[in-house]
file coords-v9.pdb (PDB, C-alpha atoms (C1' of nucleotides))
ATOM      1  CA  MET G1093       0.000   0.000   0.000
ATOM      2  CA  LYS G1094       2.691   2.442   1.034
ATOM      3  CA  GLU G1095       4.654   1.553  -2.099
ATOM      4  CA  ALA G1096       1.639   2.219  -4.288
ATOM      5  CA  LEU G1097       1.119   5.643  -2.738
ATOM      6  CA  GLU G1098       4.804   6.422  -3.197
ATOM      7  CA  ILE G1099       4.525   5.579  -6.894
ATOM      8  CA  LEU G1100       1.462   7.767  -7.340
ATOM      9  CA  LYS G1101       3.122  10.637  -5.497
ATOM     10  CA  ALA G1102       6.286  10.241  -7.534
ATOM     11  CA  LEU G1103       4.304  10.581 -10.740
ATOM     12  CA  SER G1104       2.061  13.411  -9.576
ATOM     13  CA  ASP G1105       4.691  16.011 -10.357
ATOM     14  CA  GLU G1106       4.938  17.293 -13.916
ATOM     15  CA  ASN G1107       8.710  17.204 -14.173
ATOM     16  CA  ARG G1108       8.881  13.694 -12.762
ATOM     17  CA  MET G1109       6.157  12.491 -15.096
ATOM     18  CA  ARG G1110       8.085  13.903 -18.037
ATOM     19  CA  ILE G1111      11.287  12.243 -16.837
ATOM     20  CA  TYR G1112       9.517   8.940 -16.292
ATOM     21  CA  LEU G1113       7.990   8.856 -19.743
ATOM     22  CA  MET G1114      11.186   9.899 -21.456
ATOM     23  CA  LEU G1115      13.039   7.127 -19.693
ATOM     24  CA  GLN G1116      10.353   4.698 -20.807
ATOM     25  CA  GLN G1117      11.609   5.404 -24.294
ATOM     26  CA  LYS G1118      15.297   5.088 -23.660
ATOM     27  CA  PRO G1119      17.843   5.368 -20.863
ATOM     28  CA  MET G1120      19.283   8.845 -20.468
ATOM     29  CA  CYS G1121      21.872  10.630 -18.381
ATOM     30  CA  ALA G1122      21.148  13.653 -16.219
ATOM     31  CA  CYS G1123      22.667  16.086 -18.676
ATOM     32  CA  GLU G1124      20.376  14.818 -21.424
ATOM     33  CA  LEU G1125      17.351  15.194 -19.178
ATOM     34  CA  LEU G1126      18.541  18.680 -18.280
ATOM     35  CA  SER G1127      18.717  19.664 -21.914
ATOM     36  CA  VAL G1128      14.984  18.943 -22.192
ATOM     37  CA  LEU G1129      13.725  20.109 -18.794
ATOM     38  CA  ASP G1130      13.936  23.646 -17.504
ATOM     39  CA  ILE G1131      15.202  23.034 -13.984
ATOM     40  CA  ALA G1132      18.469  23.183 -12.062
ATOM     41  CA  GLY G1133      20.715  20.153 -11.821
ATOM     42  CA  SER G1134      20.190  19.926  -8.094
ATOM     43  CA  THR G1135      16.438  19.883  -8.609
ATOM     44  CA  LEU G1136      16.710  17.134 -11.198
ATOM     45  CA  SER G1137      18.862  15.123  -8.828
ATOM     46  CA  ALA G1138      16.150  15.354  -6.161
ATOM     47  CA  HIS G1139      13.475  14.241  -8.636
ATOM     48  CA  LEU G1140      15.546  11.270  -9.735
ATOM     49  CA  LYS G1141      15.986  10.232  -6.133
ATOM     50  CA  ILE G1142      12.224  10.282  -5.615
ATOM     51  CA  LEU G1143      11.651   8.141  -8.692
ATOM     52  CA  ARG G1144      14.353   5.746  -7.547
ATOM     53  CA  ASN G1145      12.920   5.502  -4.038
ATOM     54  CA  ALA G1146       9.572   4.672  -5.593
ATOM     55  CA  ASN G1147      11.355   1.812  -7.331
ATOM     56  CA  LEU G1148      10.455   3.089 -10.772
ATOM     57  CA  ILE G1149      13.928   3.758 -12.120
ATOM     58  CA  GLU G1150      17.443   2.509 -11.613
ATOM     59  CA  GLN G1151      20.850   3.821 -12.541
ATOM     60  CA  LYS G1152      24.218   2.552 -13.557
ATOM     61  CA  LYS G1153      27.557   4.182 -14.029
ATOM     62  CA  GLU G1154      28.668   4.616 -17.599
ATOM     63  CA  GLY G1155      32.131   6.033 -17.291
ATOM     64  CA  ARG G1156      31.742   9.725 -16.871
ATOM     65  CA  TRP G1157      27.970   9.624 -16.879
ATOM     66  CA  ILE G1158      25.259   7.981 -14.862
ATOM     67  CA  GLU G1159      22.613   6.365 -16.969
ATOM     68  CA  TYR G1160      19.073   6.423 -15.596
ATOM     69  CA  GLY G1161      16.522   3.979 -16.891
ATOM     70  CA  ILE G1162      13.156   2.418 -16.127
ATOM     71  CA  LYS G1163      13.354  -0.678 -13.981
ATOM     72  CA  ILE G1164      12.248  -3.619 -16.058
ATOM     73  CA  SER G1165       9.095  -4.962 -14.449
ATOM     74  CA  GLN G1166       5.533  -5.968 -15.184
ATOM     75  CA  LEU G1167       4.373  -2.998 -13.134
ATOM     76  CA  ASN G1168       6.333  -0.477 -15.165
ATOM     77  CA  LYS G1169       4.968  -1.894 -18.405
ATOM     78  CA  LYS G1170       1.397  -1.734 -17.215
ATOM     79  CA  LEU G1171       1.966   1.664 -15.673
ATOM     80  CA  GLU G1172       3.230   3.160 -18.914
ATOM     81  CA  ALA G1173       0.314   1.706 -20.828
ATOM     82  CA  PHE G1174      -2.178   2.993 -18.297
ATOM     83  CA  LEU G1175      -0.680   6.457 -18.275
ATOM     84  CA  LEU G1176      -0.482   6.857 -22.036
ATOM     85  CA  GLU G1177      -3.697   5.094 -22.977
ATOM     86  CA  THR G1178      -6.003   6.156 -20.200
ATOM     87  CA  LEU G1179      -4.782   8.888 -17.933
ATOM     88  CA  ILE G1180      -3.000  11.441 -20.054
ATOM     89  CA  ALA G1181      -5.557  12.647 -22.530
ATOM     90  CA  ASP G1182      -3.553  15.363 -24.222
ATOM     91  CA  PRO G1183       0.089  14.354 -24.091
ATOM     92  CA  GLN G1184       1.439  17.333 -26.018
ATOM     93  CA  ILE G1185       4.443  18.014 -23.796
ATOM     94  CA  ILE G1186       5.054  14.305 -23.434
ATOM     95  CA  GLN G1187       5.137  13.692 -27.165
ATOM     96  CA  GLN G1188       7.398  16.663 -27.663
ATOM     97  CA  ASP G1189       9.719  15.527 -24.872
ATOM     98  CA  ARG G1190       9.938  12.044 -26.292
ATOM     99  CA  LYS G1191      10.719  13.287 -29.761
ATOM    100  CA  GLU G1192      13.375  15.601 -28.405
ATOM    101  CA  ALA G1193      14.807  12.862 -26.211
ATOM    102  CA  GLN G1194      14.903  10.452 -29.130
ATOM    103  CA  ALA G1195      17.037  12.877 -31.114
ATOM    104  CA  LEU G1196      19.493  13.615 -28.322
ATOM    105  CA  ASP G1197      22.858  12.109 -27.943
ATOM    106  CA  ARG G1198      24.857  12.222 -24.793
ATOM    107  CA  LEU G1199      27.933  13.807 -26.259
ATOM    108  CA  SER G1200      26.124  16.864 -27.473
ATOM    109  CA  CYS G1201      24.795  17.845 -24.068
ATOM    110  CA  SER G1202      27.399  20.471 -23.270
ATOM    111  CA  GLN G1203      27.373  21.801 -26.820
ATOM    112  CA  GLN G1204      23.650  22.244 -26.526
ATOM    113  CA  LYS G1205      24.053  24.160 -23.298
ATOM    114  CA  GLN G1206      26.356  26.597 -25.042
ATOM    115  CA  THR G1207      23.913  26.942 -27.897
ATOM    116  CA  GLU G1208      21.089  27.688 -25.484
ATOM    117  CA  GLU G1209      23.192  30.291 -23.735
ATOM    118  CA  LYS G1210      24.029  31.929 -27.034
ATOM    119  CA  ASN G1211      20.380  32.000 -27.942
ATOM    120  CA  LEU G1212      19.671  34.032 -24.822
ATOM    121  CA  HIS G1213      21.959  36.866 -25.962
TER     122      HIS G1213
ATOM    123  CA  MET K 259      -1.905  16.603 -18.494
ATOM    124  CA  LYS K 260      -2.699  18.833 -15.537
ATOM    125  CA  GLU K 261      -5.852  16.795 -14.905
ATOM    126  CA  ALA K 262      -3.885  13.570 -14.927
ATOM    127  CA  LEU K 263      -1.423  14.919 -12.383
ATOM    128  CA  GLU K 264      -4.288  16.129 -10.215
ATOM    129  CA  ILE K 265      -5.778  12.644 -10.238
ATOM    130  CA  LEU K 266      -2.485  11.027  -9.291
ATOM    131  CA  LYS K 267      -1.935  13.543  -6.519
ATOM    132  CA  ALA K 268      -5.455  13.071  -5.237
ATOM    133  CA  LEU K 269      -4.867   9.342  -4.928
ATOM    134  CA  SER K 270      -1.379   9.585  -3.467
ATOM    135  CA  ASP K 271      -2.717  10.161   0.038
ATOM    136  CA  GLU K 272      -3.662   7.113   2.077
ATOM    137  CA  ASN K 273      -6.917   8.487   3.448
ATOM    138  CA  ARG K 274      -8.051   9.644   0.023
ATOM    139  CA  MET K 275      -7.164   6.305  -1.535
ATOM    140  CA  ARG K 276      -9.225   4.554   1.124
ATOM    141  CA  ILE K 277     -12.124   6.919   0.530
ATOM    142  CA  TYR K 278     -11.904   6.485  -3.216
ATOM    143  CA  LEU K 279     -11.924   2.699  -3.081
ATOM    144  CA  MET K 280     -14.750   2.591  -0.570
ATOM    145  CA  LEU K 281     -16.824   4.838  -2.782
ATOM    146  CA  GLN K 282     -16.060   2.544  -5.720
ATOM    147  CA  GLN K 283     -18.075  -0.047  -3.825
ATOM    148  CA  LYS K 284     -21.008   2.109  -2.887
ATOM    149  CA  PRO K 285     -21.975   5.724  -2.331
ATOM    150  CA  MET K 286     -21.526   6.878   1.249
ATOM    151  CA  CYS K 287     -22.141   9.945   3.358
ATOM    152  CA  ALA K 288     -19.435  11.748   5.331
ATOM    153  CA  CYS K 289     -20.532  10.283   8.643
ATOM    154  CA  GLU K 290     -20.182   6.778   7.279
ATOM    155  CA  LEU K 291     -16.721   7.534   5.974
ATOM    156  CA  LEU K 292     -15.879   9.041   9.359
ATOM    157  CA  SER K 293     -16.913   5.877  11.132
ATOM    158  CA  VAL K 294     -14.248   4.014   9.161
ATOM    159  CA  LEU K 295     -11.464   6.602   8.982
ATOM    160  CA  ASP K 296      -9.668   8.062  11.957
ATOM    161  CA  ILE K 297      -9.696  11.733  11.033
ATOM    162  CA  ALA K 298     -11.621  14.890  11.950
ATOM    163  CA  GLY K 299     -14.696  15.906  10.004
ATOM    164  CA  SER K 300     -12.982  19.026   8.751
ATOM    165  CA  THR K 301     -10.106  16.950   7.451
ATOM    166  CA  LEU K 302     -12.463  14.586   5.674
ATOM    167  CA  SER K 303     -14.207  17.537   4.116
ATOM    168  CA  ALA K 304     -10.910  18.799   2.721
ATOM    169  CA  HIS K 305     -10.090  15.375   1.283
ATOM    170  CA  LEU K 306     -13.465  15.099  -0.387
ATOM    171  CA  LYS K 307     -12.954  18.485  -1.969
ATOM    172  CA  ILE K 308      -9.647  17.352  -3.441
ATOM    173  CA  LEU K 309     -11.218  14.211  -4.883
ATOM    174  CA  ARG K 310     -14.060  16.277  -6.303
ATOM    175  CA  ASN K 311     -11.698  18.817  -7.854
ATOM    176  CA  ALA K 312      -9.866  15.935  -9.496
ATOM    177  CA  ASN K 313     -13.201  14.986 -11.005
ATOM    178  CA  LEU K 314     -13.166  11.571  -9.407
ATOM    179  CA  ILE K 315     -16.244  11.877  -7.214
ATOM    180  CA  GLU K 316     -19.498  13.776  -7.154
ATOM    181  CA  GLN K 317     -22.081  14.460  -4.490
ATOM    182  CA  LYS K 318     -25.789  14.886  -4.148
ATOM    183  CA  LYS K 319     -28.013  15.965  -1.329
ATOM    184  CA  GLU K 320     -30.029  13.225   0.278
ATOM    185  CA  GLY K 321     -32.165  15.057   2.802
ATOM    186  CA  ARG K 322     -30.097  15.479   5.890
ATOM    187  CA  TRP K 323     -27.032  13.857   4.399
ATOM    188  CA  ILE K 324     -24.796  14.431   1.445
ATOM    189  CA  GLU K 325     -24.069  11.333  -0.525
ATOM    190  CA  TYR K 326     -20.623  11.058  -2.117
ATOM    191  CA  GLY K 327     -20.032   8.685  -4.965
ATOM    192  CA  ILE K 328     -17.656   7.855  -7.787
ATOM    193  CA  LYS K 329     -18.374   9.714 -11.001
ATOM    194  CA  ILE K 330     -19.482   7.237 -13.598
ATOM    195  CA  SER K 331     -16.854   7.260 -16.335
ATOM    196  CA  GLN K 332     -14.618   5.012 -18.374
ATOM    197  CA  LEU K 333     -11.648   6.517 -16.609
ATOM    198  CA  ASN K 334     -12.909   5.636 -13.150
ATOM    199  CA  LYS K 335     -13.578   2.063 -14.180
ATOM    200  CA  LYS K 336     -10.119   1.616 -15.625
ATOM    201  CA  LEU K 337      -8.585   3.436 -12.709
ATOM    202  CA  GLU K 338     -10.157   1.129 -10.154
ATOM    203  CA  ALA K 339      -9.075  -1.925 -12.109
ATOM    204  CA  PHE K 340      -5.553  -0.657 -12.449
ATOM    205  CA  LEU K 341      -5.284   0.197  -8.774
ATOM    206  CA  LEU K 342      -6.641  -3.092  -7.479
ATOM    207  CA  GLU K 343      -5.103  -5.403 -10.046
ATOM    208  CA  THR K 344      -1.728  -3.828 -10.586
ATOM    209  CA  LEU K 345      -0.740  -1.120  -8.194
ATOM    210  CA  ILE K 346      -1.871  -2.140  -4.734
ATOM    211  CA  ALA K 347      -0.104  -5.396  -4.048
ATOM    212  CA  ASP K 348      -1.244  -5.946  -0.486
ATOM    213  CA  PRO K 349      -4.630  -4.297  -0.070
ATOM    214  CA  GLN K 350      -5.171  -5.310   3.553
ATOM    215  CA  ILE K 351      -6.538  -2.003   4.783
ATOM    216  CA  ILE K 352      -8.517  -1.602   1.597
ATOM    217  CA  GLN K 353     -10.198  -4.974   1.897
ATOM    218  CA  GLN K 354     -10.982  -4.294   5.525
ATOM    219  CA  ASP K 355     -12.359  -0.843   4.733
ATOM    220  CA  ARG K 356     -14.552  -2.218   2.002
ATOM    221  CA  LYS K 357     -15.913  -4.973   4.196
ATOM    222  CA  GLU K 358     -16.636  -2.488   6.944
ATOM    223  CA  ALA K 359     -18.196  -0.027   4.522
ATOM    224  CA  GLN K 360     -20.354  -2.749   3.030
ATOM    225  CA  ALA K 361     -21.807  -3.503   6.460
ATOM    226  CA  LEU K 362     -22.471   0.113   7.390
ATOM    227  CA  ASP K 363     -25.790   1.792   7.187
ATOM    228  CA  ARG K 364     -26.252   5.493   7.321
ATOM    229  CA  LEU K 365     -28.642   5.535  10.250
ATOM    230  CA  SER K 366     -26.272   3.819  12.594
ATOM    231  CA  CYS K 367     -23.504   6.360  12.206
ATOM    232  CA  SER K 368     -24.233   8.269  15.403
ATOM    233  CA  GLN K 369     -24.937   5.108  17.349
ATOM    234  CA  GLN K 370     -21.585   3.793  16.251
ATOM    235  CA  LYS K 371     -19.864   6.931  17.431
ATOM    236  CA  GLN K 372     -21.326   6.394  20.877
ATOM    237  CA  THR K 373     -20.238   2.767  20.826
ATOM    238  CA  GLU K 374     -16.716   3.758  19.910
ATOM    239  CA  GLU K 375     -16.642   6.297  22.712
ATOM    240  CA  LYS K 376     -17.826   3.689  25.179
ATOM    241  CA  ASN K 377     -15.146   1.324  23.964
ATOM    242  CA  LEU K 378     -12.527   3.873  24.884
ATOM    243  CA  HIS K 379     -13.563   3.784  28.562
TER     244      HIS K 379
ATOM    245  C1'  DA W1321     -39.486  26.504  18.343
ATOM    246  C1'  DA W1322     -35.754  24.031  20.208
ATOM    247  C1'  DT W1323     -32.440  20.490  19.783
ATOM    248  C1'  DA W1324     -29.598  17.026  17.619
ATOM    249  C1'  DT W1325     -27.122  15.643  13.589
ATOM    250  C1'  DA W1326     -24.357  16.419   9.266
ATOM    251  C1'  DT W1327     -21.266  18.992   6.824
ATOM    252  C1'  DT W1328     -18.431  23.012   5.597
ATOM    253  C1'  DT W1329     -15.679  27.003   6.421
ATOM    254  C1'  DC W1330     -12.271  29.381   9.071
ATOM    255  C1'  DT W1331      -7.980  29.739  11.662
ATOM    256  C1'  DA W1332      -3.860  27.937  12.994
ATOM    257  C1'  DT W1333       0.117  24.823  12.880
ATOM    258  C1'  DA W1334       3.551  21.510  11.750
ATOM    259  C1'  DT W1335       5.534  19.087   8.138
ATOM    260  C1'  DA W1336       6.578  18.171   3.267
ATOM    261  C1'  DT W1337       7.811  19.747  -1.219
ATOM    262  C1'  DA W1338       9.954  22.071  -5.235
ATOM    263  C1'  DC W1339      13.165  24.978  -6.186
ATOM    264  C1'  DC W1340      17.813  27.401  -6.581
ATOM    265  C1'  DG W1341      22.857  28.390  -6.113
ATOM    266  C1'  DA W1342      27.124  27.097  -4.138
ATOM    267  C1'  DA W1343      30.122  23.720  -2.688
ATOM    268  C1'  DA W1344      31.663  18.925  -2.809
ATOM    269  C1'  DT W1345      32.744  14.642  -5.342
ATOM    270  C1'  DA W1346      34.003  11.814  -9.199
ATOM    271  C1'  DT W1347      35.545  10.811 -13.662
ATOM    272  C1'  DA W1348      37.620  11.760 -18.397
ATOM    273  C1'  DG W1349      40.715  13.875 -21.204
ATOM    274  C1'  DA W1350      44.522  17.155 -22.333
TER     275       DA W1350
ATOM    276  C1'  DT Q1281      48.525  16.789 -12.866
ATOM    277  C1'  DC Q1282      45.327  20.134 -14.180
ATOM    278  C1'  DT Q1283      40.911  21.171 -16.163
ATOM    279  C1'  DA Q1284      36.376  20.473 -17.886
ATOM    280  C1'  DT Q1285      32.230  17.906 -17.312
ATOM    281  C1'  DA Q1286      28.649  15.299 -14.643
ATOM    282  C1'  DT Q1287      26.241  14.578 -10.645
ATOM    283  C1'  DT Q1288      25.098  14.953  -5.706
ATOM    284  C1'  DT Q1289      24.858  17.142  -1.338
ATOM    285  C1'  DC Q1290      24.013  21.161   1.493
ATOM    286  C1'  DG Q1291      21.702  25.318   3.068
ATOM    287  C1'  DG Q1292      18.034  28.235   2.471
ATOM    288  C1'  DT Q1293      13.362  29.746   0.998
ATOM    289  C1'  DA Q1294       8.691  29.969  -0.462
ATOM    290  C1'  DT Q1295       4.683  27.394  -1.099
ATOM    291  C1'  DA Q1296       1.640  23.372  -0.468
ATOM    292  C1'  DT Q1297      -0.393  19.911   2.396
ATOM    293  C1'  DA Q1298      -2.568  17.279   6.176
ATOM    294  C1'  DT Q1299      -4.286  17.982  10.269
ATOM    295  C1'  DA Q1300      -7.366  19.638  14.209
ATOM    296  C1'  DG Q1301     -10.767  22.444  16.764
ATOM    297  C1'  DA Q1302     -14.178  26.044  16.833
ATOM    298  C1'  DA Q1303     -17.687  28.381  14.634
ATOM    299  C1'  DA Q1304     -21.100  28.613  10.941
ATOM    300  C1'  DT Q1305     -24.763  26.529   8.093
ATOM    301  C1'  DA Q1306     -28.395  23.377   6.940
ATOM    302  C1'  DT Q1307     -31.648  19.886   7.703
ATOM    303  C1'  DA Q1308     -34.498  16.530  10.537
ATOM    304  C1'  DT Q1309     -36.821  15.312  14.601
ATOM    305  C1'  DT Q1310     -39.161  16.104  18.880
TER     306       DT Q1310
END

call {"tool": "encode", "arguments": {"input": "coords-v9.pdb", "output": "structure tokens"}}
result
Amino acid sequence: MKEALEILKALSDENRMRIYLMLQQKPMCACELLSVLDIAGSTLSAHLKILRNANLIEQKKEGRWIEYGIKISQLNKKLEAFLLETLIADPQIIQQDRKEAQALDRLSCSQQKQTEEKNLH
Amino acid sequence: MKEALEILKALSDENRMRIYLMLQQKPMCACELLSVLDIAGSTLSAHLKILRNANLIEQKKEGRWIEYGIKISQLNKKLEAFLLETLIADPQIIQQDRKEAQALDRLSCSQQKQTEEKNLH
DNA sequence: AATATATTTCTATATATACCGAAATATAGA
DNA sequence: TCTATATTTCGGTATATATAGAAATATATT
């Protein structure tokens, strides 16, 4: 019961929902997630911890990066289906995120940051 | 999207989850819910408002009482199924609540309160 | 009409949450 | 070894949340 509530709470935040559904597509590192989301690194780190404590995601070291990914489980499969088929009626942001995430590659993270900074000036 | 998050947040609280799954069984008034849950009336009222704002429940006047019930919708049907079949692994409290709720009748609410008070002494 | 019951609103409080920036840690590459 | 990059931890802040009790409102019963 407690675990179920923790899962629901973990997914009841917009940024965490976006992270969760991007990771359902493919594993990503924090810098990739940051290039899609508009939050500070420290904030992202806190969100990832919440998703991990809810047992939804796991992580493994990949040299210089840490790769976050959905835990492979029956629950996560059913959860994704339920979210996308039933709960999220208008998944505009989600679809956009997933497209963006699909196109990303890890090595371009920092380059993208610079580009974004340039765009601000 | 916002609606989906509101639903998840509404159900991520233990008392609201219990309320929601009791109401999935049958409509109930606040005093019946209070005889099962261990919270103040004002707290229950706040929880019911959150569930109503998430569009999960509705209410109608029944003379002296207000009857709360699940909104009839495809979403609520799928939601209940998902919760009970997939998400809540060990629904002890839920099963107990539902049994208790099943046995309740509206007119005995106040009598039950007195009984509970007696039991404390 | 007066009282008991049912529910909500109001006020207050303690805890949780989302967020940021700065500092700390770890690894890769020059 | 020094530097750049990636991520987490820490400290602080503003807002949200769950809770209770008291007062207000509404209806039913005597």

call {"tool": "residues_around", "arguments": {"input": "coords-v9.pdb", "residues": "segment 1129-1146 of chain G", "least_positions_apart": "3", "cutoff": "6 Å", "atoms": "all atoms listed in the file", "output": "ChimeraX atom specification"}}
result
/G:1098-1099,1102,1126,1149

call {"tool": "closest_atom_pairs", "arguments": {"input": "coords-v9.pdb", "of": "chain W", "to": "chain K", "cutoff": "12 Å", "atoms": "only C-alpha atoms (C1' of nucleotides)", "output": "JSON lines"}}
result
{"residue": "W:DA1324", "atom": "C1'", "partner": "K:Ser368", "partner_atom": "CA", "distance": 10.5}
{"residue": "W:DT1325", "atom": "C1'", "partner": "K:Ser368", "partner_atom": "CA", "distance": 8.1}
{"residue": "W:DA1326", "atom": "C1'", "partner": "K:Trp323", "partner_atom": "CA", "distance": 6.1}
{"residue": "W:DT1327", "atom": "C1'", "partner": "K:Ala288", "partner_atom": "CA", "distance": 7.6}
{"residue": "W:DT1328", "atom": "C1'", "partner": "K:Ser303", "partner_atom": "CA", "distance": 7.1}
{"residue": "W:DT1329", "atom": "C1'", "partner": "K:Ser300", "partner_atom": "CA", "distance": 8.7}
{"residue": "W:DC1330", "atom": "C1'", "partner": "K:Ser300", "partner_atom": "CA", "distance": 10.4}

call {"tool": "write_last_selection", "arguments": {"input": "coords-v9.pdb", "atoms": "C-alpha atoms (C1' of nucleotides)", "output": "compact mmCIF listing (two decimals), in the frame of the given file"}}
result
# COMPACT_ATOMS: atom_id res chain seq x y z
C1' DA W 1324 -29.60 17.03 17.62
C1' DT W 1325 -27.12 15.64 13.59
C1' DA W 1326 -24.36 16.42 9.27
C1' DT W 1327 -21.27 18.99 6.82
C1' DT W 1328 -18.43 23.01 5.60
C1' DT W 1329 -15.68 27.00 6.42
C1' DC W 1330 -12.27 29.38 9.07

call {"tool": "closest_residue", "arguments": {"input": "coords-v9.pdb", "among": "G:Val1128, G:Arg1108, G:Ile1180, G:Tyr1160", "to": "chain Q", "atoms": "only C-alpha atoms (C1' of nucleotides)"}}
result
G:Tyr1160

call {"tool": "resolve_selection", "arguments": {"input": "coords-v9.pdb", "expression": "the PyMOL selection byres ((chain G) within 8 of (chain K))", "output": "ChimeraX atom specification"}}
result
/G:1093-1101,1103-1106,1167,1170,1174,1178-1183

call {"tool": "atom_distance", "arguments": {"input": "coords-v9.pdb", "atom1": "atom C1' of DT1307 of chain Q", "atom2": "atom CA of Lys284 of chain K"}}
result
23.3 Å

call {"tool": "calpha_fit_and_write", "arguments": {"input": "coords-v9.pdb", "fixed": "chain G", "moving": "chain K", "output": "short mmCIF file (atom, residue, chain, number, x, y, z; two decimals) with C-alpha atoms, keeping the file's coordinate frame"}}
result
data_model
loop_
_atom_site.label_atom_id
_atom_site.label_comp_id
_atom_site.auth_asym_id
_atom_site.auth_seq_id
_atom_site.Cartn_x
_atom_site.Cartn_y
_atom_site.Cartn_z
CA MET K 259 -0.09 -0.03 -0.08
CA LYS K 260 2.61 2.40 0.99
CA GLU K 261 4.58 1.51 -2.15
CA ALA K 262 1.58 2.19 -4.34
CA LEU K 263 1.07 5.61 -2.78
CA GLU K 264 4.76 6.38 -3.22
CA ILE K 265 4.49 5.55 -6.91
CA LEU K 266 1.44 7.75 -7.38
CA LYS K 267 3.09 10.60 -5.52
CA ALA K 268 6.27 10.22 -7.52
CA LEU K 269 4.32 10.58 -10.74
CA SER K 270 2.09 13.41 -9.57
CA ASP K 271 4.74 16.02 -10.32
CA GLU K 272 4.98 17.30 -13.87
CA ASN K 273 8.76 17.20 -14.12
CA ARG K 274 8.92 13.68 -12.73
CA MET K 275 6.18 12.50 -15.08
CA ARG K 276 8.13 13.93 -18.00
CA ILE K 277 11.31 12.25 -16.80
CA TYR K 278 9.54 8.95 -16.28
CA LEU K 279 8.00 8.89 -19.74
CA MET K 280 11.22 9.93 -21.42
CA LEU K 281 13.06 7.15 -19.66
CA GLN K 282 10.36 4.72 -20.80
CA GLN K 283 11.63 5.44 -24.30
CA LYS K 284 15.32 5.12 -23.63
CA PRO K 285 17.86 5.37 -20.84
CA MET K 286 19.31 8.85 -20.43
CA CYS K 287 21.91 10.63 -18.35
CA ALA K 288 21.18 13.66 -16.17
CA CYS K 289 22.69 16.10 -18.63
CA GLU K 290 20.41 14.86 -21.37
CA LEU K 291 17.39 15.21 -19.13
CA LEU K 292 18.59 18.69 -18.21
CA SER K 293 18.76 19.69 -21.84
CA VAL K 294 15.04 18.98 -22.11
CA LEU K 295 13.77 20.14 -18.72
CA ASP K 296 14.02 23.66 -17.40
CA ILE K 297 15.26 22.99 -13.89
CA ALA K 298 18.53 23.13 -11.94
CA GLY K 299 20.78 20.10 -11.72
CA SER K 300 20.22 19.86 -7.99
CA THR K 301 16.48 19.83 -8.53
CA LEU K 302 16.76 17.10 -11.13
CA SER K 303 18.87 15.08 -8.76
CA ALA K 304 16.17 15.31 -6.10
CA HIS K 305 13.50 14.21 -8.58
CA LEU K 306 15.55 11.23 -9.69
CA LYS K 307 15.98 10.19 -6.09
CA ILE K 308 12.22 10.23 -5.58
CA LEU K 309 11.64 8.11 -8.67
CA ARG K 310 14.34 5.70 -7.53
CA ASN K 311 12.89 5.44 -4.03
CA ALA K 312 9.54 4.61 -5.60
CA ASN K 313 11.33 1.77 -7.34
CA LEU K 314 10.44 3.07 -10.77
CA ILE K 315 13.93 3.73 -12.10
CA GLU K 316 17.44 2.47 -11.59
CA GLN K 317 20.86 3.79 -12.51
CA LYS K 318 24.22 2.52 -13.56
CA LYS K 319 27.57 4.15 -14.02
CA GLU K 320 28.66 4.60 -17.59
CA GLY K 321 32.14 6.04 -17.28
CA ARG K 322 31.77 9.74 -16.82
CA TRP K 323 27.99 9.64 -16.84
CA ILE K 324 25.29 7.97 -14.84
CA GLU K 325 22.64 6.36 -16.94
CA TYR K 326 19.09 6.40 -15.58
CA GLY K 327 16.53 3.98 -16.87
CA ILE K 328 13.17 2.42 -16.13
CA LYS K 329 13.35 -0.70 -14.00
CA ILE K 330 12.25 -3.63 -16.06
CA SER K 331 9.07 -4.97 -14.47
CA GLN K 332 5.51 -5.94 -15.24
CA LEU K 333 4.36 -3.00 -13.18
CA ASN K 334 6.31 -0.47 -15.21
CA LYS K 335 4.96 -1.86 -18.45
CA LYS K 336 1.38 -1.69 -17.27
CA LEU K 337 1.97 1.69 -15.71
CA GLU K 338 3.24 3.20 -18.94
CA ALA K 339 0.32 1.77 -20.87
CA PHE K 340 -2.17 3.04 -18.36
CA LEU K 341 -0.66 6.50 -18.30
CA LEU K 342 -0.46 6.93 -22.06
CA GLU K 343 -3.67 5.17 -23.02
CA THR K 344 -5.98 6.22 -20.24
CA LEU K 345 -4.75 8.92 -17.96
CA ILE K 346 -2.97 11.51 -20.06
CA ALA K 347 -5.55 12.73 -22.51
CA ASP K 348 -3.52 15.43 -24.22
CA PRO K 349 0.13 14.42 -24.06
CA GLN K 350 1.50 17.40 -25.98
CA ILE K 351 4.49 18.08 -23.76
CA ILE K 352 5.10 14.37 -23.41
CA GLN K 353 5.17 13.76 -27.14
CA GLN K 354 7.46 16.72 -27.62
CA ASP K 355 9.76 15.58 -24.83
CA ARG K 356 9.97 12.11 -26.27
CA LYS K 357 10.74 13.37 -29.74
CA GLU K 358 13.42 15.65 -28.37
CA ALA K 359 14.85 12.91 -26.18
CA GLN K 360 14.91 10.51 -29.10
CA ALA K 361 17.07 12.94 -31.07
CA LEU K 362 19.50 13.66 -28.25
CA ASP K 363 22.88 12.12 -27.91
CA ARG K 364 24.88 12.22 -24.76
CA LEU K 365 27.96 13.83 -26.25
CA SER K 366 26.15 16.88 -27.45
CA CYS K 367 24.80 17.84 -24.05
CA SER K 368 27.41 20.50 -23.31
CA GLN K 369 27.37 21.80 -26.85
CA GLN K 370 23.64 22.20 -26.57
CA LYS K 371 23.99 24.15 -23.37
CA GLN K 372 26.25 26.60 -25.15
CA THR K 373 23.79 26.85 -28.02
CA GLU K 374 20.97 27.59 -25.63
CA GLU K 375 23.03 30.27 -23.93
CA LYS K 376 23.82 31.86 -27.27
CA ASN K 377 20.15 31.81 -28.16
CA LEU K 378 19.41 33.88 -25.10
CA HIS K 379 21.60 36.75 -26.38
#

call {"tool": "closest_residue", "arguments": {"input": "coords-v9.pdb", "among": "Q:DT1299, Q:DT1305, Q:DT1310, Q:DT1293", "to": "chain K", "atoms": "all atoms listed in the file"}}
result
Q:DT1299
